[in-house]
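Text of the file start_21.cif, holding mmCIF, C-alpha atoms:
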data_protein
#
loop_
_atom_site.label_atom_id
_atom_site.label_comp_id
_atom_site.auth_asym_id
_atom_site.auth_seq_id
_atom_site.Cartn_x
_atom_site.Cartn_y
_atom_site.Cartn_z
CA MET A 3 200.62 75.91 150.32
CA SER A 4 201.51 72.44 151.56
CA HIS A 5 198.78 69.81 151.77
CA PRO A 6 196.56 70.23 154.82
CA ASP A 7 196.18 67.64 157.57
CA LEU A 8 192.96 66.05 156.37
CA PHE A 9 192.54 63.76 159.36
CA ALA A 10 192.72 66.82 161.62
CA LEU A 11 190.19 68.52 159.35
CA LEU A 12 187.74 65.63 159.71
CA ARG A 13 188.28 65.38 163.44
CA GLY A 14 187.67 69.06 164.04
CA GLU A 15 191.18 69.70 165.24
CA LEU A 16 191.90 72.65 162.96
CA THR A 17 191.37 76.31 163.79
CA ASN A 18 188.73 78.19 161.78
CA ALA A 19 191.45 79.76 159.66
CA GLU A 20 193.15 76.42 159.02
CA ALA A 21 189.88 74.69 158.20
CA THR A 22 188.78 77.31 155.68
CA ALA A 23 192.27 77.34 154.15
CA ALA A 24 192.06 73.54 153.85
CA GLY A 25 188.74 73.98 152.05
CA ALA A 26 190.31 76.37 149.58
CA HIS A 27 193.23 73.99 149.05
CA LEU A 28 190.88 71.07 148.42
CA ALA A 29 189.06 73.02 145.71
CA ALA A 30 192.32 73.16 143.78
CA CYS A 31 193.99 69.84 144.67
CA SER A 32 192.55 66.63 143.26
CA ALA A 33 195.07 64.45 145.11
CA CYS A 34 193.80 65.81 148.43
CA ARG A 35 190.19 65.36 147.34
CA ALA A 36 190.83 61.69 146.61
CA GLU A 37 192.60 61.28 149.93
CA LEU A 38 189.76 63.02 151.75
CA ALA A 39 187.21 60.69 150.17
CA GLU A 40 189.04 57.68 151.56
CA LEU A 41 189.55 59.19 154.98
CA ALA A 42 185.94 60.32 155.21
CA VAL A 43 184.70 56.72 155.07
CA GLY A 44 186.98 55.48 157.82
CA ASN A 45 186.21 58.55 159.91
CA ALA A 46 182.47 58.04 159.54
CA LEU A 47 182.71 54.38 160.56
CA LEU A 48 184.82 55.11 163.62
CA ALA A 49 182.87 58.16 164.74
CA ARG A 50 179.57 56.30 164.60
CA ALA A 51 180.94 53.23 166.36
CA ALA A 52 182.22 55.45 169.16
CA ARG A 53 178.83 57.15 169.43
CA ILE A 54 176.97 53.82 169.57
CA LEU A 55 179.21 52.73 172.39
CA THR A 56 178.48 55.95 174.28
CA GLU A 57 174.72 55.79 173.97
CA THR A 58 174.42 55.83 177.71
CA GLY A 59 176.23 59.14 177.71
CA ARG A 60 179.48 57.82 179.03
CA ARG A 61 182.81 57.34 177.40
CA PRO A 62 183.04 53.94 175.70
CA ALA A 63 183.92 51.54 178.43
CA PRO A 64 186.84 49.26 177.70
CA LEU A 65 185.38 46.18 176.07
CA PRO A 66 184.89 43.49 178.66
CA VAL A 67 187.21 40.53 178.72
CA VAL A 68 185.26 37.47 177.67
CA PRO A 69 185.69 34.27 179.61
CA SER A 70 187.68 31.71 177.67
CA LEU A 71 185.69 29.29 175.56
CA ARG A 72 187.92 26.42 176.59
CA GLN A 73 188.18 27.50 180.19
CA ARG A 74 187.73 24.35 182.19
CA THR A 75 188.33 23.60 185.78
CA PRO A 76 186.39 20.75 187.32
CA ARG A 77 183.87 22.98 189.04
CA ARG A 78 183.51 25.48 186.31
CA VAL A 79 181.16 25.76 183.43
CA PRO A 80 181.56 23.41 180.54
CA SER A 81 182.63 25.67 177.73
CA VAL A 82 180.35 26.37 174.82
CA LEU A 83 182.61 24.28 172.67
CA VAL A 84 182.46 21.26 174.90
CA THR A 85 178.73 21.65 175.17
CA ALA A 86 178.43 22.21 171.47
CA ALA A 87 180.42 19.06 170.79
CA ALA A 88 178.08 17.15 173.07
CA VAL A 89 175.15 18.47 171.09
CA VAL A 90 176.76 17.14 167.96
CA VAL A 91 177.08 13.63 169.33
CA GLY A 92 173.47 13.65 170.43
CA LEU A 93 173.57 14.54 174.09
CA ALA A 94 171.78 17.77 173.56
CA VAL A 95 169.25 17.66 176.34
CA GLY A 96 171.48 16.45 179.12
CA ALA A 97 174.40 18.59 178.19
CA THR A 98 172.31 21.70 177.96
CA ALA A 99 170.77 21.07 181.34
CA VAL A 100 174.19 20.65 182.90
CA PHE A 101 175.37 23.72 181.12
CA LEU A 102 172.58 25.90 182.44
CA VAL A 103 172.59 24.58 185.97
CA GLU A 104 176.32 24.77 186.43
CA ARG A 105 176.46 28.10 184.81
CA SER A 106 173.92 29.64 187.13
CA ALA A 107 175.69 28.21 190.14
CA ASP A 108 178.96 29.60 189.00
CA GLU A 109 180.09 32.81 190.58
CA SER A 110 181.86 34.40 187.72
CA ALA A 111 184.89 36.41 188.69
CA PRO A 112 184.60 40.15 188.25
CA THR A 113 186.30 41.48 185.18
CA ALA A 114 189.55 43.28 185.76
CA TYR A 115 189.10 46.74 184.45
CA ALA A 116 192.47 48.32 184.79
CA SER A 117 195.64 48.09 186.73
CA VAL A 118 197.62 51.23 187.33
CA ALA A 119 201.14 51.55 188.67
CA LEU A 120 201.60 53.91 191.60
CA ASP A 121 204.89 55.69 191.13
CA PRO A 122 206.87 57.34 193.88
CA VAL A 123 206.49 61.09 194.27
CA GLU A 124 208.62 61.23 197.39
CA GLY A 125 210.66 58.28 198.56
CA SER A 126 211.10 55.09 196.60
CA ALA A 127 208.08 52.96 197.44
CA ALA A 128 205.85 51.88 194.59
CA GLY A 129 202.48 50.27 194.40
CA GLU A 130 199.55 49.27 192.30
CA VAL A 131 195.92 50.23 191.96
CA ARG A 132 193.48 47.68 190.59
CA MET A 133 190.12 48.76 189.36
CA VAL A 134 187.38 46.19 188.90
CA ALA A 135 183.92 46.95 187.60
CA GLU A 136 181.53 45.77 190.31
CA SER A 137 178.38 46.69 188.46
CA ASP A 138 177.21 49.08 185.81
CA GLN A 139 177.88 52.05 188.02
CA HIS A 140 180.42 50.97 190.58
CA THR A 141 184.09 50.23 190.51
CA ARG A 142 186.12 48.71 193.28
CA MET A 143 189.49 50.32 193.62
CA THR A 144 192.13 48.39 195.51
CA ILE A 145 195.41 50.01 196.44
CA GLU A 146 198.39 47.81 197.21
CA ALA A 147 201.65 49.39 198.24
CA PRO A 148 203.26 46.84 200.54
CA ASP A 149 206.67 48.49 200.56
CA LEU A 150 205.53 51.85 201.92
CA PRO A 151 207.86 52.55 204.84
CA GLY A 152 206.40 52.49 208.35
CA VAL A 153 205.33 55.89 209.61
CA GLY A 154 205.41 55.71 213.39
CA THR A 155 202.91 57.28 215.76
CA GLY A 156 201.12 60.42 214.78
CA HIS A 157 201.33 59.79 211.04
CA PHE A 158 199.37 57.79 208.54
CA TYR A 159 198.96 57.27 204.80
CA TYR A 160 195.82 58.53 203.12
CA ALA A 161 194.44 57.91 199.62
CA TRP A 162 192.83 60.53 197.40
CA LEU A 163 191.39 60.90 193.94
CA LEU A 164 193.01 63.76 192.13
CA ASP A 165 192.40 65.84 189.05
CA PRO A 166 195.89 67.17 188.34
CA GLU A 167 194.57 69.84 186.01
CA THR A 168 192.46 71.60 188.61
CA ASP A 169 194.08 70.11 191.73
CA LYS A 170 190.60 69.08 192.83
CA MET A 171 190.84 66.27 195.37
CA LEU A 172 188.47 63.75 196.85
CA PRO A 173 189.45 62.04 200.12
CA LEU A 174 189.09 58.25 199.84
CA GLY A 175 190.35 56.94 203.13
CA GLN A 176 193.23 55.71 205.17
CA VAL A 177 195.71 53.26 203.68
CA GLY A 178 196.15 50.46 206.17
CA PRO A 179 199.39 49.39 207.85
CA GLY A 180 200.04 46.72 205.19
CA GLY A 181 199.86 49.38 202.50
CA THR A 182 196.46 48.20 201.32
CA ALA A 183 193.11 49.89 201.00
CA SER A 184 189.96 49.21 199.08
CA PHE A 185 187.13 51.53 198.15
CA GLU A 186 183.91 51.16 196.23
CA LEU A 187 183.35 54.16 194.03
CA ASP A 188 180.64 55.49 191.84
CA ASP A 189 181.83 55.51 188.22
CA SER A 190 180.65 59.06 187.66
CA LEU A 191 182.80 60.18 190.58
CA LEU A 192 185.72 58.19 189.25
CA ALA A 193 185.32 59.81 185.85
CA ALA A 194 185.55 63.28 187.40
CA TYR A 195 189.14 62.58 188.47
CA SER A 196 192.07 60.99 186.72
CA ALA A 197 194.69 60.03 189.27
CA VAL A 198 195.13 58.30 192.59
CA ASP A 199 197.35 59.95 195.15
CA VAL A 200 198.66 58.60 198.44
CA SER A 201 199.82 61.20 200.93
CA LEU A 202 201.62 61.07 204.23
CA GLU A 203 199.46 62.83 206.80
CA ASP A 204 200.05 64.10 210.30
CA ASP A 205 197.42 63.19 212.83
CA ASP A 206 196.85 66.89 213.47
CA GLY A 207 193.12 67.10 212.96
CA ASP A 208 193.52 68.91 209.63
CA PRO A 209 191.28 67.12 207.12
CA GLY A 210 193.05 68.60 204.06
CA HIS A 211 195.81 67.04 201.98
CA SER A 212 199.25 67.47 203.54
CA VAL A 213 202.16 68.78 201.51
CA THR A 214 203.60 65.29 201.16
CA SER A 215 202.45 63.06 198.32
CA VAL A 216 204.29 59.75 198.35
CA LEU A 217 202.66 57.83 195.50
CA ARG A 218 200.72 58.77 192.47
CA GLY A 219 199.23 56.96 189.48
CA THR A 220 197.12 58.17 186.58
CA TYR A 221 194.27 55.83 185.83
CA THR A 222 192.69 57.40 182.77
CA GLU A 223 195.68 56.20 180.77
CA ALA A 224 195.38 52.60 181.84
CA ALA A 225 191.63 52.73 181.36
CA SER A 226 192.06 54.03 177.85
CA PRO A 227 190.68 51.84 175.12
CA THR A 228 193.96 50.02 174.61
CA THR A 229 192.47 47.59 177.09
CA PHE A 230 189.38 47.14 174.93
CA MET B 27 190.63 40.37 158.04
CA GLU B 28 188.38 37.38 157.70
CA SER B 29 184.95 38.54 156.66
CA GLY B 30 181.93 37.64 158.70
CA ALA B 31 180.44 35.73 155.80
CA THR B 32 183.51 33.47 155.69
CA LEU B 33 183.22 32.87 159.40
CA GLY B 34 179.57 31.97 158.98
CA ALA B 35 180.36 29.57 156.17
CA ARG B 36 182.99 27.82 158.28
CA LEU B 37 180.51 27.52 161.15
CA ALA B 38 177.93 26.07 158.81
CA VAL B 39 180.29 23.18 157.97
CA ARG B 40 180.88 22.57 161.69
CA ASP B 41 184.36 23.96 161.87
CA GLU B 42 184.93 24.23 165.63
CA SER B 43 187.78 26.69 165.25
CA ALA B 44 185.35 29.03 163.52
CA LEU B 45 183.32 29.19 166.71
CA GLU B 46 186.44 30.16 168.63
CA ASP B 47 187.32 32.75 166.01
CA ALA B 48 183.83 34.22 166.09
CA TYR B 49 183.95 34.33 169.88
CA ALA B 50 187.35 36.02 169.89
CA THR B 51 186.34 38.56 167.25
CA TYR B 52 182.83 39.44 168.36
CA GLY B 53 182.55 38.08 171.93
CA PRO B 54 183.67 41.29 173.67
CA SER B 55 181.27 43.42 171.62
CA VAL B 56 178.37 41.06 172.27
CA LEU B 57 179.21 41.00 175.97
CA ALA B 58 179.30 44.81 176.12
CA TYR B 59 175.87 44.89 174.46
CA LEU B 60 174.46 42.29 176.84
CA ARG B 61 175.87 44.01 179.89
CA ARG B 62 174.00 47.10 178.91
CA TYR B 63 170.68 45.40 178.35
CA VAL B 64 170.55 42.50 180.78
CA GLY B 65 173.01 43.84 183.34
CA PRO B 66 176.44 42.66 184.37
CA ASP B 67 175.25 39.78 186.55
CA GLU B 68 173.62 37.78 183.80
CA ALA B 69 175.49 39.03 180.74
CA GLU B 70 178.04 36.22 180.71
CA ASP B 71 175.32 33.58 180.96
CA VAL B 72 173.51 35.11 178.04
CA LEU B 73 176.79 35.40 176.12
CA GLN B 74 177.40 31.66 176.53
CA ARG B 75 173.86 30.87 175.47
CA THR B 76 174.21 33.12 172.46
CA PHE B 77 177.29 31.31 171.20
CA LEU B 78 175.77 27.94 171.98
CA ASP B 79 172.87 29.01 169.80
CA VAL B 80 175.22 30.24 167.10
CA TRP B 81 176.83 26.83 166.98
CA ARG B 82 173.56 24.95 166.96
CA SER B 83 171.90 27.02 164.30
CA ALA B 84 174.95 27.69 162.13
CA GLU B 85 173.61 25.65 159.26
CA ARG B 86 170.71 28.06 159.02
CA TYR B 87 173.08 30.99 158.58
CA ASP B 88 172.42 32.58 155.21
CA PRO B 89 175.74 33.71 153.73
CA ASP B 90 173.97 36.63 152.08
CA GLN B 91 173.12 37.95 155.50
CA ARG B 92 175.63 40.02 157.39
CA PHE B 93 177.26 37.79 160.01
CA ALA B 94 177.44 40.41 162.78
CA GLY B 95 173.77 41.22 162.21
CA TRP B 96 172.82 37.55 162.51
CA LEU B 97 174.90 37.18 165.65
CA PHE B 98 173.36 40.21 167.35
CA THR B 99 169.87 39.05 166.42
CA ILE B 100 170.56 35.85 168.32
CA ALA B 101 172.07 37.77 171.23
CA ARG B 102 169.01 40.01 171.37
CA ARG B 103 166.66 37.02 171.48
CA ARG B 104 168.59 35.39 174.28
CA ALA B 105 168.62 38.72 176.14
CA VAL B 106 164.84 39.00 175.80
CA ASP B 107 164.50 35.42 177.12
CA CYS B 108 166.63 36.41 180.05
CA LEU B 109 164.44 39.39 180.94
CA ARG B 110 161.30 37.27 180.55
CA GLY B 111 162.71 34.63 182.84
CA ARG B 112 163.19 37.07 185.68
CA ARG B 113 160.61 36.46 188.34
CA HIS B 114 161.56 38.64 191.24
CA SER B 115 163.74 41.44 190.14
CA VAL B 116 162.12 44.36 188.45
CA VAL B 117 162.95 44.69 184.80
CA ASP B 118 164.51 48.02 183.99
CA VAL B 119 162.24 49.87 181.58
CA GLU B 120 165.09 51.45 179.64
CA ALA B 121 166.78 48.08 179.23
CA ALA B 122 163.56 46.47 178.03
CA ARG B 123 162.99 49.27 175.54
CA GLY B 124 166.49 48.71 174.19
CA LEU B 125 165.68 45.08 173.42
CA VAL B 126 162.06 44.71 172.48
CA GLY B 127 160.28 45.48 169.23
CA GLU B 128 161.48 47.62 166.38
CA ASP B 129 163.69 49.75 168.65
CA GLY B 130 165.34 46.63 169.94
CA ARG B 131 166.06 45.38 166.42
CA GLU B 132 167.57 48.72 165.48
CA THR B 133 169.70 48.83 168.59
CA ALA B 134 171.02 45.34 167.88
CA GLU B 135 171.82 46.40 164.29
CA ARG B 136 173.68 49.46 165.54
CA HIS B 137 175.71 47.34 167.88
CA ALA B 138 176.43 44.91 165.06
CA ASP B 139 177.79 47.88 163.10
CA ALA B 140 179.98 48.93 165.98
CA ALA B 141 181.17 45.33 166.38
CA GLU B 142 182.26 45.22 162.72
CA VAL B 143 184.24 48.40 163.17
CA ARG B 144 185.76 46.91 166.31
CA ALA B 145 186.77 43.77 164.39
CA ALA B 146 188.34 45.89 161.64
CA LEU B 147 190.21 47.97 164.22
CA ASP B 148 191.57 44.80 165.76
CA ALA B 149 192.81 43.73 162.34
CA LEU B 150 194.88 46.89 161.88
CA PRO B 151 198.59 47.03 162.65
CA GLU B 152 199.01 47.66 166.37
CA HIS B 153 200.41 51.19 166.02
CA GLU B 154 197.54 52.35 163.86
CA ARG B 155 194.92 50.72 166.06
CA GLU B 156 196.32 52.39 169.13
CA VAL B 157 196.22 55.86 167.59
CA LEU B 158 192.68 55.45 166.30
CA GLU B 159 191.37 54.16 169.61
CA LEU B 160 192.84 57.14 171.41
CA ALA B 161 191.39 59.50 168.81
CA TYR B 162 187.88 58.08 168.62
CA TYR B 163 187.23 56.23 171.85
CA ALA B 164 189.23 58.44 174.20
CA ASP B 165 188.55 61.56 172.13
CA LEU B 166 192.12 62.84 172.09
CA THR B 167 193.59 65.15 169.46
CA GLN B 168 196.62 64.04 167.45
CA ARG B 169 198.78 66.37 169.52
CA GLU B 170 197.48 64.83 172.75
CA ILE B 171 198.06 61.35 171.35
CA ALA B 172 201.65 62.25 170.45
CA ALA B 173 202.21 63.41 174.04
CA ARG B 174 200.49 60.36 175.49
CA LEU B 175 202.46 57.89 173.40
CA ASP B 176 205.62 59.97 173.43
CA VAL B 177 206.09 59.77 169.67
CA PRO B 178 206.55 62.65 167.19
CA LEU B 179 203.38 64.37 166.01
CA GLY B 180 204.26 63.54 162.41
CA THR B 181 204.29 59.84 163.26
CA VAL B 182 200.85 60.09 164.86
CA LYS B 183 199.50 61.90 161.79
CA ALA B 184 200.90 59.25 159.46
CA ARG B 185 199.46 56.40 161.55
CA ALA B 186 196.08 58.08 161.94
CA ALA B 187 195.67 58.71 158.21
CA ARG B 188 196.95 55.27 157.18
CA GLY B 189 194.82 53.46 159.75
CA THR B 190 191.67 55.39 158.83
CA ARG B 191 192.12 54.62 155.14
CA ARG B 192 192.86 50.97 155.85
CA LEU B 193 189.84 50.64 158.11
CA GLY B 194 187.54 51.92 155.39
CA THR B 195 189.04 49.44 152.96
CA LEU B 196 188.62 46.52 155.39
CA LEU B 197 184.92 47.18 155.85
CA ARG B 198 184.41 47.68 152.15
CA GLY B 199 186.03 44.28 151.59
CA ASN B 200 183.48 42.83 153.97
CA ASP B 201 180.58 44.24 152.01
CA ASP B 202 181.89 43.00 148.70
CA GLU B 203 182.13 39.42 149.90
CA GLY B 204 178.97 39.19 151.90
CA SER B 205 176.70 41.86 150.55
CA ARG B 206 173.49 41.81 152.43
#

Can you turn what I pasted into structure tokens?
Amino acid sequence: MSHPDLFALLRGELTNAEATAAGAHLAACSACRAELAELAVGNALLARAARILTETGRRPAPLPVVPSLRQRTPRRVPSVLVTAAAVVVGLAVGATAVFLVERSADESAPTAYASVALDPVEGSAAGEVRMVAESDQHTRMTIEAPDLPGVGTGHFYYAWLLDPETDKMLPLGQVGPGGTASFELDDSLLAAYSAVDVSLEDDDGDPGHSVTSVLRGTYTEAASPTTF
Amino acid sequence: MESGATLGARLAVRDESALEDAYATYGPSVLAYLRRYVGPDEAEDVLQRTFLDVWRSAERYDPDQRFAGWLFTIARRRAVDCLRGRRHSVVDVEAARGLVGEDGRETAERHADAAEVRAALDALPEHEREVLELAYYADLTQREIAARLDVPLGTVKARAARGTRRLGTLLRGNDDEGSR
């Protein structure tokens, strides 16, 4: 038998039959045992780190982007470094006071969470969805698709959240004439779906999704931990 | 990967670039911790105060102590100060429990652990890091990762195994240099 996939074994990706066969193989193969010992350490470290980051019961959020240490515009916070340097030359009290006061007056920009491309489903228009964490539980989703063609009377564009696997949909709201729309969403709701869909609707009183999707973008990908 | 103990030693001799390096390596993890326990509005303030404190008290850093542990101890103290300083808003009981007393110390230690793993992940070659993040943080199988990245399954398997081994080695290196 060829050597089993030990990473898959550790991650619980093997079938029962494969896992027990891997066990039997390990009993006879010292090279695989040595390999498993090394992999087990890395697996343990990563699995625990992931669990610590999900202690609130959610998927690990992408790590926030820290403000730059050297970030300096006249009205902004003196950076830690600048402040720290001032401490070194003996201006500790004054510098710290400035630091705290200016800092509290500063309205820090919300952290960009993810940006997702909206790709054409029908037609050729494209767009972008930006998702910004507003608080612990809320995300602001902004749709920008300025080159959506005009629709004329009796039609409008409408945005939805979509779970492509089950085709479950949540109506978000109308996309304005400039191709923009913005919604504040509960994170738990956001997590129950994985894509944004923009449809072309007839003003026919039917609240369901029409047959025409014009744009779609999957946000779970962009929100994956590559943006950590 | 530069070990935490080396970073601490550079800070202790007032190497300004060490502060930047520490901020780049651990800042996001500390900020994630602070956001959880003091909330998103004040987390960045407390983050800045934490690193200001790190710089000021760097000469008291004991190289035998784990750097990430020391850093998160400071972050926890500044977070507690922040909750104490709140006059009007109600302090969230869960958040307070996550910071204060023995539980709070343990939580900070756990987050220091996670931050070390994060730093080691960041030190891996890009391809390996990407695969491991998708496996552990997004909970995808190797097959799903192959589909997501559009690379052959065999390539994913090779990267996953190599990265996992390398990660273990990186953290072991840390312990050897700065055993606590």

- Record the distance separating CA of Val157 in chain B and CA of Glu40 in chain A, expressed in Å with one decimal.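 Atom-to-atom, CA of Val157 in chain B and CA of Glu40 in chain A are spaced 17.7 Å apart.
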
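Within 12 Å of Leu179 in chain B, once all atoms listed in the file are used and residues closer than 2 positions along the same chain are dropped, the contacting residues are Asp7 and Ala10 of chain A; Val157, Thr167, Gln168, Arg169, Glu170, Ile171, Ala172, Ala173, Arg174, Leu175, Asp176, Val177, Thr181, Val182, Lys183, Ala184, Arg185 and Ala186 of chain B.
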
- Message: Ranking B:Arg75, B:Arg102, B:Arg136, B:Arg86 by minimum distance to Ala122 in chain B and counting all atoms listed in the file, which one comes first?
- Response: B:Arg102

- Task: Rank nothing, just name the residue among A:Ala36, A:Val153, A:Leu48, A:Val200 nearest to Val213 in chain A, using all atoms listed in the file.
- Result: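 For Val213 in chain A, the nearest of the given residues is A:Val200.
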
- Message: Running the PyMOL selection byres ((chain B) within 8 of (chain A)) on this model by hand, what would come out? Give it as a PyMOL selection string.
- Response: chain B and resi 42+45-46+49+53-55+57-58+61-62+65-67+70-71+74-75+77-78+81-82+136-137+139-141+143-144+156+159-160+162-164+167-168+183+186-187+190-194

- Fewer than 5 positions away in the same chain doesn't count, so skip those; otherwise give me all residues within 12 Å of Ala121 in chain B, counting only C-alpha atoms, as a list in words. Thr58 of chain A; Tyr59, Leu60, Arg61, Arg62, Tyr63, Val64, Gly65, Arg102, Ala105, Val106, Cys108, Leu109, Val116, Val126, Asp129, Gly130 and Thr133 of chain B

- Task: Taking the file as shown, find all residues satisfying the PyMOL selection byres ((chain A and resi 193) around 10) and write them as a PyMOL selection string.
- Result: chain A and resi 60-61+165+188-192+194-197+221-222

- Could you list as a PyMOL selection string every residue that has an atom within 12 Å of (180.3, 39.3, 157.5), using the file's coordinates and counting all atoms listed in the file? chain B and resi 27-36+48+51-52+87-97+138-139+141-143+145-146+196-206
